[in-house]
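Peer 1: File follows, coords.cif with mmCIF, C-alpha atoms:
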```cif
data_run
loop_
_atom_site.label_atom_id
_atom_site.label_comp_id
_atom_site.auth_asym_id
_atom_site.auth_seq_id
_atom_site.Cartn_x
_atom_site.Cartn_y
_atom_site.Cartn_z
CA MET A 15 -3.03 -26.49 6.27
CA GLY A 16 -1.05 -24.49 3.72
CA GLU A 17 -3.89 -23.93 1.24
CA ASN A 18 -4.14 -20.40 -0.12
CA LEU A 19 -7.02 -17.96 0.25
CA ASN A 20 -6.92 -15.22 -2.37
CA ALA A 21 -8.72 -11.89 -1.95
CA TYR A 22 -9.37 -9.50 -4.83
CA ILE A 23 -10.96 -6.08 -5.21
CA THR A 24 -12.31 -5.54 -8.72
CA ALA A 25 -13.68 -2.34 -10.29
CA GLU A 26 -16.22 -2.41 -13.13
CA GLY A 27 -18.11 0.19 -15.16
CA ALA A 28 -15.44 2.90 -14.97
CA SER A 29 -15.33 5.80 -17.41
CA GLY A 30 -12.39 7.89 -18.57
CA GLN A 31 -9.27 7.24 -16.48
CA GLY A 32 -11.08 5.59 -13.59
CA ALA A 33 -9.58 2.41 -12.14
CA SER A 34 -10.88 -0.74 -13.83
CA GLY A 35 -10.40 -4.51 -13.50
CA PRO A 36 -8.56 -6.20 -10.61
CA ILE A 37 -7.06 -3.36 -8.55
CA ALA A 38 -5.76 -5.22 -5.48
CA HIS A 39 -4.85 -8.81 -4.64
CA THR A 40 -3.49 -10.59 -1.59
CA SER A 41 -2.87 -14.29 -0.90
CA PHE A 42 -2.84 -15.74 2.62
CA GLN A 43 -2.05 -19.33 3.62
CA HIS A 44 -4.38 -21.15 5.99
CA GLN A 45 -2.19 -22.40 8.84
CA GLN A 46 -4.39 -24.73 10.91
CA ALA A 47 -7.14 -27.13 9.85
CA ASN A 48 -10.61 -26.52 11.36
CA SER A 49 -9.58 -23.08 12.56
CA TYR A 50 -9.92 -19.49 11.40
CA SER A 51 -7.91 -17.46 8.90
CA THR A 52 -8.21 -13.71 8.48
CA ILE A 53 -7.51 -12.23 5.07
CA ARG A 54 -7.54 -8.58 4.10
CA VAL A 55 -6.75 -6.33 1.17
CA SER A 56 -7.01 -2.55 0.71
CA VAL A 57 -5.98 0.00 -1.89
CA THR A 58 -6.28 3.72 -2.67
CA GLU A 59 -7.48 4.43 -6.20
CA TYR A 60 -9.23 7.00 -8.41
CA PHE A 61 -12.83 5.99 -9.19
CA THR A 62 -15.34 7.62 -11.50
CA GLN A 63 -19.01 8.04 -10.71
CA GLY A 64 -21.02 4.90 -11.44
CA THR A 65 -18.13 2.48 -10.91
CA SER A 66 -19.10 -0.69 -9.04
CA LEU A 67 -16.67 -2.42 -6.69
CA ARG A 68 -16.67 -6.13 -5.97
CA ALA A 69 -14.82 -8.11 -3.30
CA GLN A 70 -13.97 -11.70 -4.23
CA VAL A 71 -12.38 -14.59 -2.34
CA TYR A 72 -10.97 -17.64 -4.13
CA LEU A 73 -9.29 -20.84 -3.07
CA ASP A 74 -6.27 -22.17 -4.90
CA SER A 75 -7.04 -24.81 -7.49
CA GLY A 76 -7.10 -28.24 -5.86
CA ALA A 77 -7.98 -27.02 -2.36
CA THR A 78 -9.94 -29.58 -0.32
CA GLY A 79 -12.52 -29.49 2.46
CA ARG A 80 -15.49 -27.24 3.13
CA TRP A 81 -14.86 -23.51 3.46
CA GLY A 82 -17.13 -20.66 4.51
CA ILE A 83 -17.34 -17.27 6.19
CA ALA A 84 -17.05 -17.69 9.96
CA ALA A 85 -20.08 -16.70 12.02
CA ASN A 86 -20.65 -15.14 15.46
CA ASP A 87 -17.80 -12.77 16.37
CA TYR A 88 -16.14 -13.23 13.00
CA GLY A 89 -17.44 -12.10 9.67
CA ALA A 90 -16.78 -10.30 6.41
CA ASP A 91 -16.56 -6.52 5.99
CA PHE A 92 -16.31 -4.50 2.78
CA ASN A 93 -15.77 -0.77 3.27
CA ALA A 94 -14.87 2.25 1.15
CA PHE A 95 -14.54 5.93 1.99
CA MET A 96 -13.86 8.97 -0.15
CA VAL A 97 -10.57 10.70 0.56
CA SER A 98 -11.40 13.64 -1.71
CA PRO A 99 -14.02 14.40 -4.39
CA SER A 100 -12.65 15.25 -7.82
CA LEU A 101 -13.67 15.27 -11.46
CA ASN A 102 -10.00 14.90 -12.41
CA SER A 103 -7.91 11.78 -12.61
CA TRP A 104 -4.49 10.90 -11.25
CA SER A 105 -2.97 12.87 -14.12
CA GLN A 106 -4.38 16.17 -12.82
CA PRO A 107 -1.57 17.99 -10.94
CA ALA A 108 -2.18 18.34 -7.23
CA VAL A 109 -2.79 21.71 -5.62
CA LYS A 110 -0.19 22.46 -2.95
CA PRO A 111 -1.42 22.76 0.66
CA PRO A 112 -2.54 26.37 1.21
CA THR A 113 -0.94 28.57 3.87
CA LEU A 114 -3.74 30.08 5.97
CA THR A 115 -3.19 33.11 8.20
CA ALA A 116 -5.49 34.73 10.73
CA TRP A 117 -7.27 37.94 9.67
CA LYS A 118 -6.27 41.19 11.39
CA ASP A 119 -7.96 44.56 11.69
CA ASP A 120 -7.17 46.99 8.86
CA ARG A 121 -5.68 44.26 6.68
CA LEU A 122 -6.16 44.89 2.98
CA VAL A 123 -7.98 42.09 1.16
CA SER A 124 -6.19 41.22 -2.09
CA VAL A 125 -7.19 38.82 -4.81
CA ALA A 126 -4.37 36.48 -3.73
CA ASP A 127 -5.61 36.55 -0.13
CA MET A 128 -9.16 35.68 -1.16
CA ASN A 129 -8.01 32.87 -3.45
CA GLY A 130 -5.72 31.51 -0.76
CA ALA A 131 -8.57 31.37 1.74
CA THR A 132 -11.19 29.92 -0.63
CA ILE A 133 -10.36 28.48 -4.05
CA ASP A 134 -6.89 27.19 -3.13
CA VAL A 135 -8.28 25.39 -0.09
CA PHE A 136 -11.00 23.59 -2.02
CA GLY A 137 -8.64 22.87 -4.90
CA HIS A 138 -6.25 21.13 -2.52
CA LEU A 139 -9.01 19.14 -0.81
CA GLU A 140 -10.31 17.93 -4.17
CA ASN A 141 -6.94 16.84 -5.50
CA ARG A 142 -4.65 15.79 -2.68
CA PRO A 143 -0.97 14.99 -3.35
CA ARG A 144 -0.49 11.22 -3.70
CA PHE A 145 1.65 8.51 -5.28
CA THR A 146 1.41 4.82 -6.10
CA ALA A 147 4.36 2.48 -6.75
CA ARG A 148 4.10 -1.06 -8.11
CA GLY A 149 6.03 -4.02 -9.41
CA THR A 150 8.76 -4.59 -6.84
CA SER A 151 10.92 -7.71 -7.16
CA PHE A 152 13.54 -9.27 -4.91
CA ASN A 153 15.60 -12.44 -4.54
CA VAL A 154 17.42 -12.61 -1.20
CA ALA A 155 18.95 -15.19 1.08
CA SER A 156 17.27 -16.09 4.34
CA GLY A 157 18.52 -13.85 7.13
CA GLN A 158 19.90 -11.25 4.73
CA GLU A 159 19.71 -7.76 6.22
CA LYS A 160 19.60 -4.34 4.56
CA VAL A 161 17.19 -5.35 1.78
CA ALA A 162 15.11 -2.35 0.68
CA LEU A 163 12.52 -2.96 -2.02
CA ALA A 164 12.96 -1.23 -5.38
CA TRP A 165 9.90 0.10 -7.25
CA PRO A 166 10.29 0.17 -11.05
CA GLU A 167 6.89 1.82 -11.57
CA MET A 168 5.74 4.93 -9.71
CA TYR A 169 3.25 7.61 -10.67
CA ALA A 170 2.35 10.71 -8.66
CA ASN A 171 0.34 13.89 -9.14
CA ASP A 172 2.88 16.08 -7.31
CA PRO A 173 6.51 16.51 -8.46
CA GLY A 174 7.58 16.62 -4.83
CA PHE A 175 7.32 12.83 -4.65
CA VAL A 176 10.74 11.74 -5.89
CA ILE A 177 11.93 8.13 -6.20
CA GLN A 178 15.64 7.62 -5.58
CA ARG A 179 18.33 5.41 -4.06
CA LEU A 180 17.85 5.13 -0.29
CA ALA A 181 21.59 5.37 0.46
CA ASP A 182 24.93 3.89 -0.55
CA GLY A 183 24.72 0.11 -0.47
CA PHE A 184 21.07 0.01 -1.55
CA ALA A 185 19.58 -0.50 -5.01
CA ASP A 186 18.21 2.31 -7.17
CA ARG A 187 14.57 3.40 -6.72
CA THR A 188 14.35 2.16 -3.13
CA ALA A 189 13.11 5.36 -1.45
CA ILE A 190 10.33 7.86 -2.14
CA THR A 191 10.76 11.39 -0.80
CA VAL A 192 7.57 13.05 0.50
CA PRO A 193 7.11 16.78 -0.16
CA TYR A 194 5.08 17.96 2.85
CA SER A 195 5.02 17.50 6.61
CA GLY A 196 1.80 15.96 7.90
CA MET A 197 -0.37 12.86 8.04
CA TYR A 198 -0.24 10.40 5.14
CA LEU A 199 -2.77 7.66 4.49
CA LEU A 200 -0.45 4.78 3.63
CA HIS A 201 -1.36 1.50 1.95
CA PHE A 202 0.97 -1.40 1.26
CA PHE A 203 0.45 -4.99 0.21
CA CYS A 204 3.12 -7.37 -0.99
CA ALA A 205 3.63 -11.11 -1.42
CA ALA A 206 6.67 -13.29 -0.84
CA LYS A 207 7.55 -16.95 -1.27
CA HIS A 208 10.55 -19.18 -0.59
CA GLY A 209 11.94 -21.30 -3.40
CA ASP A 210 13.43 -24.16 -1.40
CA GLY A 211 13.56 -25.58 2.11
CA THR A 212 11.41 -28.18 3.85
CA GLU A 213 7.86 -28.75 2.59
CA SER A 214 5.14 -28.08 5.23
CA ALA A 215 7.61 -26.38 7.60
CA SER A 216 6.64 -22.86 8.71
CA TYR A 217 8.90 -20.08 7.38
CA GLY A 218 8.33 -16.54 8.65
CA PHE A 219 8.91 -13.24 6.88
CA GLN A 220 8.31 -9.56 7.54
CA PHE A 221 8.04 -6.24 5.76
CA LYS A 222 9.09 -3.11 7.65
CA ILE A 223 8.02 0.35 6.48
CA HIS A 224 10.57 3.02 7.38
CA GLY A 225 10.90 6.75 7.21
CA THR A 226 14.28 8.42 7.37
CA SER A 227 15.16 6.98 10.78
CA GLY A 228 16.38 3.44 11.30
CA ASP A 229 13.29 2.57 13.35
CA ALA A 230 10.40 0.99 11.48
CA ARG A 231 7.13 2.95 11.44
CA ILE A 232 5.09 -0.15 10.60
CA LEU A 233 5.92 -3.85 10.90
CA SER A 234 3.85 -6.57 9.23
CA GLN A 235 4.69 -10.25 9.52
CA ASN A 236 3.35 -13.54 8.18
CA SER A 237 4.48 -17.12 7.61
CA THR A 238 4.22 -19.70 4.83
CA THR A 239 4.20 -23.49 4.91
CA ARG A 240 4.44 -24.13 1.16
CA ILE A 241 7.34 -23.90 -1.25
CA ASN A 242 6.91 -21.60 -4.26
CA GLN A 243 3.50 -20.32 -3.14
CA ASP A 244 2.71 -16.62 -2.71
CA CYS A 245 1.82 -15.37 0.76
CA SER A 246 0.93 -11.74 1.47
CA VAL A 247 0.87 -8.99 4.04
CA ALA A 248 -1.52 -6.02 3.80
CA VAL A 249 -1.29 -2.71 5.67
CA ASP A 250 -3.13 0.59 5.69
CA ASP A 251 -2.51 3.25 8.33
CA LEU A 252 -2.12 6.95 9.03
CA VAL A 253 1.55 7.90 9.48
CA TYR A 254 3.11 11.28 10.24
CA LEU A 255 6.02 12.13 7.91
CA THR A 256 8.12 15.28 7.69
CA ALA A 257 8.90 17.10 4.44
CA GLY A 258 11.89 15.49 2.74
CA GLU A 259 11.55 12.22 4.64
CA VAL A 260 12.20 9.10 2.56
CA LEU A 261 9.63 6.32 2.64
CA ASN A 262 11.08 2.84 2.13
CA VAL A 263 10.10 -0.79 2.66
CA ARG A 264 12.52 -3.49 3.82
CA PHE A 265 12.15 -7.27 3.68
CA TYR A 266 13.50 -9.96 6.00
CA GLY A 267 12.85 -13.73 5.85
CA TRP A 268 13.76 -16.67 8.08
CA GLY A 269 14.60 -20.30 7.31
CA SER A 270 17.89 -22.09 7.13
CA GLY A 271 19.19 -22.76 3.61
CA THR A 272 16.41 -21.05 1.69
CA ARG A 273 15.93 -17.99 -0.50
CA TRP A 274 13.01 -15.59 -0.65
CA VAL A 275 11.56 -14.04 -3.80
CA ASN A 276 8.66 -11.70 -4.53
CA GLY A 277 5.19 -13.02 -5.26
CA ASP A 278 4.31 -12.80 -8.93
CA SER A 279 0.76 -14.06 -9.40
CA ASP A 280 -0.28 -10.75 -11.00
CA GLY A 281 0.89 -7.17 -11.41
CA ARG A 282 -1.27 -5.80 -8.60
CA ILE A 283 0.04 -8.01 -5.80
CA ASN A 284 2.96 -5.70 -4.84
CA THR A 285 1.91 -2.07 -4.26
CA LEU A 286 2.95 0.88 -2.09
CA GLY A 287 1.02 4.16 -2.03
CA ALA A 288 0.28 7.22 0.10
CA VAL A 289 -2.11 10.18 0.10
CA TYR A 290 -1.29 13.43 1.90
CA MET A 291 -4.10 14.11 4.39
CA GLY A 292 -2.96 17.40 5.93
CA ALA A 293 -0.53 18.91 8.41
#
```
Show me the file's structure as structure tokens.

Peer 2:
Amino acid sequence: MGENLNAYITAEGASGQGASGPIAHTSFQHQQANSYSTIRVSVTEYFTQGTSLRAQVYLDSGATGRWGIAANDYGADFNAFMVSPSLNSWSQPAVKPPTLTAWKDDRLVSVADMNGATIDVFGHLENRPRFTARGTSFNVASGQEKVALAWPEMYANDPGFVIQRLADGFADRTAITVPYSGMYLLHFFCAAKHGDGTESASYGFQFKIHGTSGDARILSQNSTTRINQDCSVAVDDLVYLTAGEVLNVRFYGWGSGTRWVNGDSDGRINTLGAVYMGA
């Protein structure tokens, strides 16, 4: 009980600006001896042809007992799918979603019309608007409300993604405005730990992903039984957002007389990103 399982995704053999090295990391605490734990990690990245991807699972140093992949109805899956093909990296500016109109009799065919119905469409599909934010940190009291995570590092290929203060009373860089209405492929993983409290007691925490409204779009929750040990959540989902909506993540932790801080085992353990998939 309380021993950590760590999952990594590692990229090797990249060329140019392709992702390389450890690109995602989560840490989950095993909660019951002789029982199952499920651990997951996912990320959206730019890969170059010939890159190899490796999934790795580690135990914390000093872990005891025999561990293995569960059989029968449980197992291990490693999946990847291409969101869009492109010879360009994250630094290549995205092509805005094209506006397609139905053809009508006697309509004149201009160069702009032809490009809008052909080249612009493929250009958008091969370089979709997207952003990735990393490196959040927090230090909050148990039960403290209104805690939105700040993201010191964000890069995007579309200037419509703007990082800003969510509202008065929140920290800077706590909200990311999305430029288009439609479906977004969202990925988020983040780790938390509590710095004091009772050893071996279970302390719960949650991350809520919001749009502009006060209602959470996604809720992910976990619990930890060890002091000063990272424990993660991991989410990926399709979410509909409207143009100008602000994406933000809020943290809440339980436990009398304790404080919660961000996990810090490496720079890739706290990440928020989204890819525009279409209206």

Peer 1: Ranking A:Asp251, A:Ala69, A:Asp127, A:Met15 by minimum distance to Thr40 of chain A and counting all atoms listed in the file, which one comes first?

Peer 2: A:Ala69

Peer 1: Could you please determine the separation between atom CA of Ala84 of chain A and atom CA of Glu17 of chain A in Å, to one decimal place?

Peer 2: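 Rounded to one decimal, the two atoms are 17.0 Å apart.
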
Peer 1: Rank A:Val249, A:Ala155, A:Val289, A:Leu200 by their smallest atom-to-atom distance to Phe265 of chain A, using only C-alpha atoms, and report the top residue only.

Peer 2: A:Ala155

Peer 1: Which of these, A:Thr24, A:Pro111, A:Phe61, A:Leu19, has the shortest distance to Ser75 of chain A once you count all atoms listed in the file?

Peer 2: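 Among the listed residues, A:Leu19 lies closest to Ser75 of chain A.
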
Peer 1: Up to 12 Å from (-17.3, -3.3, 3.8) in the file's coordinates: name the residues, counting all atoms listed in the file, as a VMD selection string.

Peer 2: chain A and resid 23 54 to 56 67 to 69 89 to 95

Peer 1: Take atom CA of Val176 of chain A and atom CA of Ala147 of chain A and report the distance between them in Å, one decimal.

Peer 2: 11.3 Å

Peer 1: Taking into account only C-alpha atoms, which residue in the set A:Leu101, A:Val247, A:Ala293, A:Asn129 is nearest to Ala21 of chain A?

Peer 2: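 Closest to Ala21 of chain A of all the choices is A:Val247.
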
Peer 1: Could you add the missing atoms to segment 161-187 of chain A, up to N, CA and C atoms, and return them as a PDB file, in the frame of the given file?

Peer 2:
```pdb
ATOM      1  N   VAL A 161      17.838  -5.122   3.070  1.00  0.00           N
ATOM      2  CA  VAL A 161      17.190  -5.350   1.780  1.00  0.00           C
ATOM      3  C   VAL A 161      16.007  -4.393   1.666  1.00  0.00           C
ATOM      4  N   ALA A 162      16.188  -3.303   0.935  1.00  0.00           N
ATOM      5  CA  ALA A 162      15.110  -2.350   0.680  1.00  0.00           C
ATOM      6  C   ALA A 162      14.508  -2.650  -0.689  1.00  0.00           C
ATOM      7  N   LEU A 163      13.199  -2.626  -0.778  1.00  0.00           N
ATOM      8  CA  LEU A 163      12.520  -2.960  -2.020  1.00  0.00           C
ATOM      9  C   LEU A 163      12.645  -1.829  -3.038  1.00  0.00           C
ATOM     10  N   ALA A 164      12.913  -2.189  -4.277  1.00  0.00           N
ATOM     11  CA  ALA A 164      12.960  -1.230  -5.380  1.00  0.00           C
ATOM     12  C   ALA A 164      11.619  -1.237  -6.111  1.00  0.00           C
ATOM     13  N   TRP A 165      11.203  -0.057  -6.599  1.00  0.00           N
ATOM     14  CA  TRP A 165       9.900   0.100  -7.250  1.00  0.00           C
ATOM     15  C   TRP A 165      10.110   0.614  -8.666  1.00  0.00           C
ATOM     16  N   PRO A 166      10.040  -0.253  -9.675  1.00  0.00           N
ATOM     17  CA  PRO A 166      10.290   0.170 -11.050  1.00  0.00           C
ATOM     18  C   PRO A 166       9.207   1.086 -11.614  1.00  0.00           C
ATOM     19  N   GLU A 167       7.994   1.002 -11.069  1.00  0.00           N
ATOM     20  CA  GLU A 167       6.890   1.820 -11.570  1.00  0.00           C
ATOM     21  C   GLU A 167       6.369   2.705 -10.441  1.00  0.00           C
ATOM     22  N   MET A 168       6.355   4.014 -10.657  1.00  0.00           N
ATOM     23  CA  MET A 168       5.740   4.930  -9.710  1.00  0.00           C
ATOM     24  C   MET A 168       5.087   6.077 -10.473  1.00  0.00           C
ATOM     25  N   TYR A 169       3.863   6.426 -10.103  1.00  0.00           N
ATOM     26  CA  TYR A 169       3.250   7.610 -10.670  1.00  0.00           C
ATOM     27  C   TYR A 169       2.687   8.456  -9.533  1.00  0.00           C
ATOM     28  N   ALA A 170       2.776   9.767  -9.689  1.00  0.00           N
ATOM     29  CA  ALA A 170       2.350  10.710  -8.660  1.00  0.00           C
ATOM     30  C   ALA A 170       1.752  11.936  -9.328  1.00  0.00           C
ATOM     31  N   ASN A 171       0.935  12.669  -8.595  1.00  0.00           N
ATOM     32  CA  ASN A 171       0.340  13.890  -9.140  1.00  0.00           C
ATOM     33  C   ASN A 171       1.011  15.139  -8.582  1.00  0.00           C
ATOM     34  N   ASP A 172       2.130  14.959  -7.874  1.00  0.00           N
ATOM     35  CA  ASP A 172       2.880  16.080  -7.310  1.00  0.00           C
ATOM     36  C   ASP A 172       4.358  15.811  -7.550  1.00  0.00           C
ATOM     37  N   PRO A 173       5.096  16.750  -8.171  1.00  0.00           N
ATOM     38  CA  PRO A 173       6.510  16.510  -8.460  1.00  0.00           C
ATOM     39  C   PRO A 173       7.378  16.403  -7.225  1.00  0.00           C
ATOM     40  N   GLY A 174       6.819  16.738  -6.066  1.00  0.00           N
ATOM     41  CA  GLY A 174       7.580  16.620  -4.830  1.00  0.00           C
ATOM     42  C   GLY A 174       7.835  15.191  -4.402  1.00  0.00           C
ATOM     43  N   PHE A 175       7.050  14.250  -4.909  1.00  0.00           N
ATOM     44  CA  PHE A 175       7.320  12.830  -4.650  1.00  0.00           C
ATOM     45  C   PHE A 175       8.421  12.382  -5.612  1.00  0.00           C
ATOM     46  N   VAL A 176       9.574  12.085  -5.070  1.00  0.00           N
ATOM     47  CA  VAL A 176      10.740  11.740  -5.890  1.00  0.00           C
ATOM     48  C   VAL A 176      11.231  10.354  -5.493  1.00  0.00           C
ATOM     49  N   ILE A 177      11.408   9.465  -6.473  1.00  0.00           N
ATOM     50  CA  ILE A 177      11.930   8.130  -6.200  1.00  0.00           C
ATOM     51  C   ILE A 177      13.431   8.138  -6.456  1.00  0.00           C
ATOM     52  N   GLN A 178      14.192   7.516  -5.544  1.00  0.00           N
ATOM     53  CA  GLN A 178      15.640   7.620  -5.580  1.00  0.00           C
ATOM     54  C   GLN A 178      16.272   6.434  -4.862  1.00  0.00           C
ATOM     55  N   ARG A 179      17.601   6.402  -4.838  1.00  0.00           N
ATOM     56  CA  ARG A 179      18.330   5.410  -4.060  1.00  0.00           C
ATOM     57  C   ARG A 179      18.265   5.803  -2.584  1.00  0.00           C
ATOM     58  N   LEU A 180      17.959   4.837  -1.724  1.00  0.00           N
ATOM     59  CA  LEU A 180      17.850   5.130  -0.290  1.00  0.00           C
ATOM     60  C   LEU A 180      19.166   5.663   0.257  1.00  0.00           C
ATOM     61  N   ALA A 181      20.262   4.969  -0.011  1.00  0.00           N
ATOM     62  CA  ALA A 181      21.590   5.370   0.460  1.00  0.00           C
ATOM     63  C   ALA A 181      22.609   4.472  -0.221  1.00  0.00           C
ATOM     64  N   ASP A 182      23.883   4.759  -0.022  1.00  0.00           N
ATOM     65  CA  ASP A 182      24.930   3.890  -0.550  1.00  0.00           C
ATOM     66  C   ASP A 182      24.734   2.471  -0.004  1.00  0.00           C
ATOM     67  N   GLY A 183      24.905   1.490  -0.871  1.00  0.00           N
ATOM     68  CA  GLY A 183      24.720   0.110  -0.470  1.00  0.00           C
ATOM     69  C   GLY A 183      23.340  -0.440  -0.769  1.00  0.00           C
ATOM     70  N   PHE A 184      22.412   0.439  -1.182  1.00  0.00           N
ATOM     71  CA  PHE A 184      21.070   0.010  -1.550  1.00  0.00           C
ATOM     72  C   PHE A 184      20.896   0.127  -3.066  1.00  0.00           C
ATOM     73  N   ALA A 185      19.874  -0.548  -3.578  1.00  0.00           N
ATOM     74  CA  ALA A 185      19.580  -0.500  -5.010  1.00  0.00           C
ATOM     75  C   ALA A 185      18.953   0.844  -5.377  1.00  0.00           C
ATOM     76  N   ASP A 186      18.910   1.123  -6.677  1.00  0.00           N
ATOM     77  CA  ASP A 186      18.210   2.310  -7.170  1.00  0.00           C
ATOM     78  C   ASP A 186      16.713   2.179  -6.911  1.00  0.00           C
ATOM     79  N   ARG A 187      16.033   3.327  -6.826  1.00  0.00           N
ATOM     80  CA  ARG A 187      14.570   3.400  -6.720  1.00  0.00           C
ATOM     81  C   ARG A 187      14.047   2.663  -5.486  1.00  0.00           C
TER      82      ARG A 187
END
```
